[in-house]
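Source file upload16.csv; content: CSV, C-alpha atoms.
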```csv
chain,number,residue,atom,x,y,z
Z,1,MET,CA,80.1,99.4,84.4
Z,2,SER,CA,82.3,102.3,85.7
Z,3,THR,CA,85.1,103.7,83.6
Z,4,SER,CA,87.7,102.2,85.9
Z,5,ARG,CA,86.2,98.7,85.9
Z,6,GLU,CA,85.7,98.7,82.2
Z,7,LEU,CA,89.4,99.8,81.7
Z,8,ALA,CA,90.6,97.1,84.1
Z,9,ALA,CA,88.7,94.5,82.2
Z,10,ARG,CA,90.0,95.8,78.8
Z,11,ILE,CA,93.7,95.9,79.7
Z,12,GLY,CA,93.9,92.7,81.7
Z,13,SER,CA,96.2,92.0,84.7
Z,14,VAL,CA,99.6,92.3,83.0
Z,15,GLY,CA,101.1,95.0,80.8
Z,16,VAL,CA,104.5,96.5,80.0
Z,17,TRP,CA,106.3,99.7,80.9
Z,18,LEU,CA,109.1,100.3,78.4
Z,19,SER,CA,111.5,103.2,79.1
Z,20,VAL,CA,113.8,102.1,76.2
Z,21,LEU,CA,111.2,103.1,73.6
Z,22,ALA,CA,112.0,106.8,74.3
Z,23,GLU,CA,115.6,106.2,73.2
Z,24,VAL,CA,115.3,104.2,69.9
Z,25,PRO,CA,114.3,105.0,66.4
Z,26,ALA,CA,110.6,105.1,65.5
Z,27,ASP,CA,110.7,101.9,63.4
Z,28,GLU,CA,112.4,100.0,66.2
Z,29,GLY,CA,109.8,101.2,68.7
Z,30,ALA,CA,107.0,100.3,66.4
Z,31,ASN,CA,108.3,96.8,66.0
Z,32,ALA,CA,108.6,96.5,69.8
Z,33,ALA,CA,105.0,97.6,70.3
Z,34,ARG,CA,103.9,95.0,67.8
Z,35,VAL,CA,105.8,92.3,69.7
Z,36,VAL,CA,104.2,93.4,73.0
Z,37,GLU,CA,100.8,93.1,71.3
Z,38,GLU,CA,101.5,89.7,69.8
Z,39,LEU,CA,102.7,88.3,73.1
Z,40,GLY,CA,99.3,89.2,74.7
Z,41,TYR,CA,100.3,91.9,77.1
Z,42,GLY,CA,97.2,94.1,77.7
Z,43,ALA,CA,98.8,97.6,77.7
Z,44,LEU,CA,102.0,99.4,76.9
Z,45,TRP,CA,103.0,102.3,79.2
Z,46,VAL,CA,105.5,104.9,78.1
Z,47,GLY,CA,107.1,107.7,80.1
Z,48,GLU,CA,108.3,111.2,79.4
Z,49,SER,CA,111.4,113.2,80.2
Z,50,PRO,CA,112.9,116.5,78.9
Z,51,ALA,CA,115.6,114.5,77.1
Z,52,HIS,CA,113.3,112.1,75.2
Z,53,LYS,CA,110.4,111.8,72.9
Z,54,GLU,CA,107.4,114.0,73.3
Z,55,ILE,CA,104.9,111.7,74.9
Z,56,PHE,CA,101.7,112.3,72.9
Z,57,THR,CA,103.5,112.1,69.6
Z,58,HIS,CA,105.2,109.0,70.8
Z,59,ALA,CA,101.9,107.4,71.9
Z,60,ALA,CA,100.4,108.2,68.4
Z,61,LEU,CA,103.3,106.4,66.7
Z,62,LEU,CA,102.8,103.3,68.9
Z,63,LEU,CA,99.1,103.2,68.5
Z,64,GLY,CA,99.5,103.6,64.7
Z,65,ALA,CA,101.9,100.6,64.7
Z,66,THR,CA,99.5,98.3,66.5
Z,67,SER,CA,95.8,97.3,66.1
Z,68,ARG,CA,94.6,96.2,69.5
Z,69,LEU,CA,97.1,97.3,72.1
Z,70,THR,CA,96.2,99.9,74.6
Z,71,VAL,CA,98.8,102.6,75.0
Z,72,ALA,CA,99.0,104.7,78.2
Z,73,THR,CA,101.1,107.7,79.2
Z,74,GLY,CA,102.9,106.7,82.3
Z,75,VAL,CA,103.0,109.6,82.8
Z,76,ALA,CA,102.7,112.9,80.9
Z,77,THR,CA,104.1,115.6,83.1
Z,78,ILE,CA,101.9,118.6,83.7
Z,79,TRP,CA,104.9,120.9,83.4
Z,80,ALA,CA,105.5,119.9,79.8
Z,81,ARG,CA,102.3,121.4,78.4
Z,82,ASP,CA,99.2,123.2,79.6
Z,83,ALA,CA,96.0,121.4,80.5
Z,84,ILE,CA,94.2,122.6,77.3
Z,85,ALA,CA,96.9,121.2,75.1
Z,86,ALA,CA,96.9,117.9,77.0
Z,87,GLY,CA,93.2,117.6,76.8
Z,88,ALA,CA,93.2,118.2,73.1
Z,89,ALA,CA,95.9,115.7,72.5
Z,90,ALA,CA,94.0,113.1,74.6
Z,91,GLN,CA,90.8,113.7,72.7
Z,92,THR,CA,92.6,113.5,69.3
Z,93,LEU,CA,94.2,110.1,70.2
Z,94,GLY,CA,91.0,108.8,71.7
Z,95,GLU,CA,89.0,109.6,68.6
Z,96,ALA,CA,91.6,108.3,66.2
Z,97,PHE,CA,92.2,105.0,68.2
Z,98,PRO,CA,88.9,104.2,69.9
Z,99,GLY,CA,89.2,102.6,73.3
Z,100,ARG,CA,93.0,102.2,73.1
Z,101,PHE,CA,94.4,105.3,74.7
Z,102,VAL,CA,94.8,106.1,78.5
Z,103,LEU,CA,95.9,109.5,79.7
Z,104,GLY,CA,98.2,109.2,82.7
Z,105,LEU,CA,99.2,112.6,84.3
Z,106,GLY,CA,101.7,113.4,87.0
Z,107,THR,CA,103.9,116.1,88.5
Z,108,SER,CA,107.2,114.5,87.7
Z,109,HIS,CA,110.3,115.6,89.6
Z,110,ALA,CA,111.9,118.8,90.7
Z,111,GLU,CA,115.1,117.6,89.2
Z,112,ALA,CA,113.6,117.1,85.7
Z,113,GLY,CA,115.0,120.4,84.5
Z,114,ARG,CA,111.9,122.0,83.0
Z,115,GLY,CA,112.4,125.2,84.9
Z,116,HIS,CA,109.2,125.0,87.0
Z,117,GLY,CA,108.8,125.2,90.7
Z,118,HIS,CA,107.5,121.8,91.8
Z,119,ASP,CA,107.1,123.3,95.3
Z,120,ARG,CA,103.3,122.6,95.5
Z,121,PRO,CA,102.8,119.5,93.3
Z,122,LEU,CA,99.4,118.5,94.8
Z,123,THR,CA,98.0,122.0,94.3
Z,124,ALA,CA,99.5,122.3,90.8
Z,125,LEU,CA,97.9,119.0,89.7
Z,126,ARG,CA,94.5,119.8,91.2
Z,127,GLU,CA,94.5,123.1,89.4
Z,128,TYR,CA,95.6,121.4,86.2
Z,129,LEU,CA,92.7,119.0,86.5
Z,130,ASP,CA,90.3,121.9,87.0
Z,131,LEU,CA,91.4,123.4,83.7
Z,132,LEU,CA,91.2,119.9,82.0
Z,133,ASP,CA,87.7,119.5,83.3
Z,134,ALA,CA,86.7,122.9,81.8
Z,135,ASP,CA,87.0,121.0,78.5
Z,136,PRO,CA,86.9,123.7,75.8
Z,137,TYR,CA,87.8,121.2,73.0
Z,138,ARG,CA,85.5,121.4,70.0
Z,139,GLY,CA,87.0,118.9,67.7
Z,140,PRO,CA,85.8,115.3,67.0
Z,141,ARG,CA,85.4,113.3,70.2
Z,142,PRO,CA,85.7,109.6,70.9
Z,143,ASP,CA,82.5,107.6,71.5
Z,144,ARG,CA,83.8,106.8,75.0
Z,145,PRO,CA,85.7,109.3,77.2
Z,146,VAL,CA,89.4,108.8,77.4
Z,147,PRO,CA,90.2,107.3,80.8
Z,148,ARG,CA,92.4,109.4,83.0
Z,149,VAL,CA,94.8,108.1,85.8
Z,150,LEU,CA,97.2,110.0,88.0
Z,151,ALA,CA,100.7,109.2,89.2
Z,152,ALA,CA,100.5,108.8,92.9
Z,153,LEU,CA,103.0,107.6,95.6
Z,154,ARG,CA,101.9,109.4,98.8
Z,155,PRO,CA,98.5,109.4,100.5
Z,156,ARG,CA,97.2,112.8,99.4
Z,157,MET,CA,98.0,112.2,95.7
Z,158,GLN,CA,96.3,108.8,96.0
Z,159,GLU,CA,93.2,110.5,97.4
Z,160,LEU,CA,93.3,113.0,94.5
Z,161,ALA,CA,93.5,110.1,92.1
Z,162,ARG,CA,90.6,108.4,93.8
Z,163,ASP,CA,88.4,111.5,93.7
Z,164,ARG,CA,89.4,113.0,90.3
Z,165,SER,CA,90.3,110.2,87.9
Z,166,ALA,CA,89.7,106.6,87.0
Z,167,GLY,CA,92.6,105.5,89.3
Z,168,MET,CA,96.3,105.7,90.0
Z,169,HIS,CA,99.6,104.6,88.5
Z,170,SER,CA,102.5,104.0,90.9
Z,171,PHE,CA,106.2,103.6,90.1
Z,172,PHE,CA,109.1,102.2,92.2
Z,173,VAL,CA,106.9,100.5,94.7
Z,174,PRO,CA,106.8,97.1,96.6
Z,175,PRO,CA,103.6,95.1,97.0
Z,176,ALA,CA,103.1,96.5,100.5
Z,177,HIS,CA,102.6,99.9,98.9
Z,178,THR,CA,100.0,98.5,96.5
Z,179,ALA,CA,98.1,97.0,99.5
Z,180,ALA,CA,98.1,100.3,101.3
Z,181,ALA,CA,97.0,102.2,98.2
Z,182,ARG,CA,94.1,99.8,97.5
Z,183,GLU,CA,92.9,100.3,101.0
Z,184,ARG,CA,93.0,104.1,100.5
Z,185,LEU,CA,91.4,104.0,97.1
Z,186,GLY,CA,88.6,101.6,97.9
Z,187,PRO,CA,87.4,98.9,95.5
Z,188,GLY,CA,86.4,101.0,92.5
Z,189,PRO,CA,89.4,103.0,91.2
Z,190,LEU,CA,92.0,101.4,88.9
Z,191,LEU,CA,95.4,100.6,90.5
Z,192,VAL,CA,98.4,100.0,88.3
Z,193,PRO,CA,101.8,99.6,89.8
Z,194,GLU,CA,105.0,99.4,87.7
Z,195,GLN,CA,107.2,96.4,88.6
Z,196,ALA,CA,110.8,96.5,87.5
Z,197,VAL,CA,112.1,93.0,86.6
Z,198,VAL,CA,115.4,91.3,85.7
Z,199,VAL,CA,114.9,87.8,84.2
Z,200,ASP,CA,118.2,86.3,85.5
Z,201,PRO,CA,118.5,83.7,88.2
Z,202,ASP,CA,122.1,84.8,89.2
Z,203,PRO,CA,121.8,87.0,92.3
Z,204,GLY,CA,125.0,89.0,91.6
Z,205,ARG,CA,124.2,89.8,88.0
Z,206,ALA,CA,120.5,90.5,88.6
Z,207,ARG,CA,121.2,92.8,91.5
Z,208,ALA,CA,123.9,94.7,89.7
Z,209,VAL,CA,121.5,95.5,86.9
Z,210,ALA,CA,118.7,96.3,89.4
Z,211,ARG,CA,121.0,98.6,91.5
Z,212,GLU,CA,121.9,100.7,88.4
Z,213,HIS,CA,118.2,101.4,87.9
Z,214,ILE,CA,117.6,102.1,91.6
Z,215,ALA,CA,120.6,104.4,91.9
Z,216,THR,CA,119.2,106.8,89.3
Z,217,ARG,CA,115.9,107.0,91.1
Z,218,LEU,CA,117.5,107.5,94.5
Z,219,ALA,CA,119.0,110.8,93.2
Z,220,LEU,CA,115.4,112.1,92.9
Z,221,ARG,CA,114.2,113.7,96.1
Z,222,ASN,CA,110.6,112.5,95.9
Z,223,TYR,CA,111.6,108.9,95.4
Z,224,ALA,CA,114.0,109.0,98.3
Z,225,ASN,CA,111.4,110.5,100.6
Z,226,HIS,CA,108.8,108.0,99.4
Z,227,LEU,CA,111.1,105.1,100.3
Z,228,ARG,CA,111.8,106.6,103.7
Z,229,ALA,CA,108.1,106.8,104.3
Z,230,LEU,CA,107.9,103.0,103.5
Z,231,GLY,CA,110.4,102.3,106.3
Z,232,PHE,CA,113.7,102.1,104.4
Z,233,GLY,CA,116.6,103.8,106.3
Z,234,ALA,CA,119.8,105.5,105.3
Z,235,ASP,CA,121.7,102.2,105.1
Z,236,ASP,CA,119.2,101.0,102.5
Z,237,LEU,CA,119.5,104.1,100.4
Z,238,ASP,CA,123.3,104.4,100.3
Z,239,GLY,CA,125.5,102.9,97.7
Z,240,GLY,CA,122.8,102.4,95.1
Z,241,GLY,CA,120.6,100.6,97.5
Z,242,SER,CA,120.9,97.7,99.9
Z,243,ASP,CA,120.1,94.2,98.9
Z,244,ARG,CA,116.9,94.5,101.0
Z,245,LEU,CA,115.9,97.6,99.0
Z,246,VAL,CA,116.8,96.0,95.6
Z,247,ASP,CA,114.9,92.9,96.3
Z,248,ALA,CA,111.8,94.9,97.5
Z,249,LEU,CA,111.7,97.0,94.3
Z,250,VAL,CA,113.0,94.7,91.6
Z,251,ALA,CA,111.7,91.2,90.9
Z,252,TRP,CA,114.6,89.1,89.7
Z,253,GLY,CA,115.1,85.5,89.0
Z,254,ASP,CA,113.6,82.9,86.6
Z,255,ALA,CA,110.2,83.4,85.1
Z,256,PRO,CA,108.2,81.7,87.9
Z,257,ARG,CA,109.9,83.8,90.5
Z,258,VAL,CA,109.1,87.0,88.7
Z,259,ALA,CA,105.5,85.9,88.2
Z,260,ALA,CA,105.3,85.3,91.9
Z,261,ARG,CA,106.0,89.0,92.5
Z,262,VAL,CA,103.3,90.0,90.0
Z,263,ARG,CA,100.9,87.8,91.9
Z,264,GLU,CA,101.9,89.6,95.1
Z,265,HIS,CA,100.8,92.9,93.6
Z,266,LEU,CA,97.6,91.4,92.3
Z,267,ASP,CA,96.8,89.8,95.6
Z,268,ALA,CA,97.5,93.1,97.3
Z,269,GLY,CA,94.8,94.8,95.1
Z,270,ALA,CA,96.4,95.8,91.9
Z,271,ASP,CA,94.2,95.6,88.8
Z,272,HIS,CA,97.1,95.6,86.3
Z,273,VAL,CA,100.9,95.3,86.8
Z,274,ALA,CA,103.2,97.0,84.3
Z,275,LEU,CA,106.3,95.0,83.8
Z,276,HIS,CA,109.5,97.1,83.4
Z,277,PRO,CA,112.3,94.9,82.1
Z,278,LEU,CA,115.8,96.1,83.0
Z,279,THR,CA,119.0,95.4,81.1
Z,280,ARG,CA,122.4,96.8,80.6
Z,281,SER,CA,122.2,96.2,76.8
Z,282,HIS,CA,121.1,98.8,74.3
Z,283,GLY,CA,118.0,98.6,72.1
Z,284,THR,CA,114.7,96.8,72.4
Z,285,GLU,CA,115.7,93.2,71.7
Z,286,PRO,CA,117.2,92.4,75.1
Z,287,VAL,CA,114.0,93.8,76.7
Z,288,LEU,CA,111.7,91.9,74.4
Z,289,ASP,CA,113.6,88.7,75.1
Z,290,GLN,CA,112.7,89.1,78.8
Z,291,LEU,CA,109.0,89.7,77.9
Z,292,ARG,CA,109.0,86.6,75.6
Z,293,THR,CA,110.3,84.5,78.5
Z,294,LEU,CA,107.7,85.9,80.9
Z,295,ALA,CA,104.7,85.7,78.6
Z,296,PRO,CA,104.0,82.0,78.9
Z,297,VAL,CA,103.7,82.3,82.7
Z,298,LEU,CA,102.0,85.7,82.9
Z,299,VAL,CA,99.8,86.1,79.9
Z,300,PRO,CA,99.0,82.6,78.5
Z,301,HIS,CA,95.5,83.7,77.6
Z,302,GLY,CA,96.3,87.3,76.5
Z,303,GLY,CA,96.2,89.2,79.8
Z,304,THR,CA,94.4,86.9,82.2
Z,305,THR,CA,95.5,86.7,85.8
Z,306,PRO,CA,98.6,84.4,86.2
```

Mind turning this structure into structure tokens?
Amino acid sequence: MSTSRELAARIGSVGVWLSVLAEVPADEGANAARVVEELGYGALWVGESPAHKEIFTHAALLLGATSRLTVATGVATIWARDAIAAGAAAQTLGEAFPGRFVLGLGTSHAEAGRGHGHDRPLTALREYLDLLDADPYRGPRPDRPVPRVLAALRPRMQELARDRSAGMHSFFVPPAHTAAARERLGPGPLLVPEQAVVVDPDPGRARAVAREHIATRLALRNYANHLRALGFGADDLDGGGSDRLVDALVAWGDAPRVAARVREHLDAGADHVALHPLTRSHGTEPVLDQLRTLAPVLVPHGGTTP
């Protein structure tokens, strides 16, 4: 079985993407990871920004707090550390937590504030992968290689993910993007879209929470360009996003309605959908409450297809 197919089978069809973990104390994050594991979600994806926890250290804390859960970087930016350091970190985690770590890499955003150019992200990532593949690491290695996935929104990045990794991780995408990505990737590579969710049947409240999330992303040039390429116009991108844009990017409503959006991604070719609960409240408990509500309809058998 290929690395991508083995990974898809191991993490199941539904996981979790938790941005809040980068903002809470270590013990609260550890407890949240244990809840995610107990609920049966197949993987926990964590991100990285200059203002939050260092991602490999963070992944180690979450892996140490759990016993079965796969933890994936979604994603580690190539501008935060050189490829040799990233490779050593991945090997260290892979050896310490066999079969439970996934290395997600990406080029992040020009606005991220790390002082790097971002003018040729595709070339930069390709060169980073060349250095990673040189593999000078001489420490203990895991029995199985650590799977690698790449953040990809546009076609050329998707092709790089297809050719140089186990697959791709997408963020801020509707099911139509997933379908187009699967066609470009072909049947083998892993395809993991993030899906923002608000478990609230009230349209006004749900869209207000969703719009706050969307507005912060619209300020990032690559996301705005990505949405324009998907056919959204200026009217959709103004004012924090039109209802059409909000409804395309954020699944809101009761649990069955949110589950239906997850099925759309899976039917479009996704192997694994990473749920990203949104809330105006602070801390992990409001997010975990949404995951508890969704678990019975999404992971009744620990990650099987809903």

Measuring between only C-alpha atoms, which one of Z:Ala134, Z:Ala166, Z:Leu294, Z:Ala274 shows the shortest distance to Gly42 of chain Z?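 Selected residue with least distance to Gly42 of chain Z: Z:Ala274.
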
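Here atom CA of Val250 of chain Z is placed at a distance of 15.8 Å from atom CA of Leu266 of chain Z.
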
Point (100.8, 94.0, 85.7) neighbourhood (8 Å, all atoms listed in the file) written as number ranges by chain: Z: 13-16, 192-195, 262, 265-266, 270-275

Need the shell around Ser67 of chain Z: protein/DNA/RNA residues with any atom at most 10 Å away, counting all atoms listed in the file. Skip same-chain ones fewer than 5 positions apart. Format as a PyMOL selection string? chain Z and resi 34+37+62+97+100

I'd like the contact shell of segment 69-74 of chain Z - 6 Å cut-off, only C-alpha atoms, skipping same-chain residues fewer than 3 positions apart - returned as an MDAnalysis selection string. chainID Z and resid 37 43:47 100:104

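Around Pro98 of chain Z, within 8 Å and counting all atoms listed in the file, the residues found are Leu93, Pro142, Asp143 and Arg144 of chain Z, once anything fewer than 5 positions away on its own chain is removed.
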
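Of the residues listed (Z:Gln290, Z:Asp119, Z:Pro145, Z:Phe56), Z:Asp119 shows the shortest atom-to-atom separation from Arg221 of chain Z; distances use only C-alpha atoms.
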
Separating atom CA of Pro201 of chain Z from atom CA of His177 of chain Z, to the nearest tenth of an Å, is a gap of 25.1 Å

Can you pull out every residue within 12 Å of segment 79-87 of chain Z, counting all atoms listed in the file, but drop anything in the same chain fewer than 6 positions away, and send it as a ChimeraX atom specification? /Z:48-57,73,93-94,102-110,112-118,121,124-139,141,145-148

Option closest in space to Leu191 of chain Z, from Z:Gly29, Z:Gly64, Z:Gly167, Z:Pro203 [counting all atoms listed in the file]: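 Of all the options, Z:Gly167 lies closest to Leu191 of chain Z.
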
Provide the atom CA of Leu150 of chain Z to atom CA of Met168 of chain Z distance in Å, to one decimal place.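 Pair atom CA of Leu150 of chain Z / atom CA of Met168 of chain Z returns 4.8 Å.
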
Place a sphere of radius 12 Å on (116.4, 107.0, 69.3) in the file coordinates and name every protein, DNA or RNA residue with an atom inside or on its surface, counting all atoms listed in the file; give the answer as a list in words. Ser19, Val20, Leu21, Ala22, Glu23, Val24, Pro25, Ala26, Asp27, Glu28, Gly29, Ala30, Ala51, His52, Lys53, His58, His282, Gly283 and Thr284 of chain Z

Long-range neighbours of Arg184 of chain Z as a list in words, 10 Å cut-off, only C-alpha atoms, 3 positions minimum in chain: Pro155, Arg156, Gln158, Glu159, Arg162, Thr178, Ala179, Ala180, Ala181 and Pro187 of chain Z

With all atoms listed in the file as the atoms that count, which of Z:Val299, Z:Asn225, Z:Ala208, Z:Ala176 lies nearest to Arg154 of chain Z?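 Distance minimum relative to Arg154 of chain Z lands on Z:Asn225.
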
Around segment 90-96 of chain Z, with edges along x, y and z and 4 Å added on all six sides, what centre and edge lengths do you get, in Å to one decimal, as JSON?
```
{"center_x": 91.6, "center_y": 111.0, "center_z": 70.4, "size_x": 13.2, "size_y": 13.4, "size_z": 16.4}
```
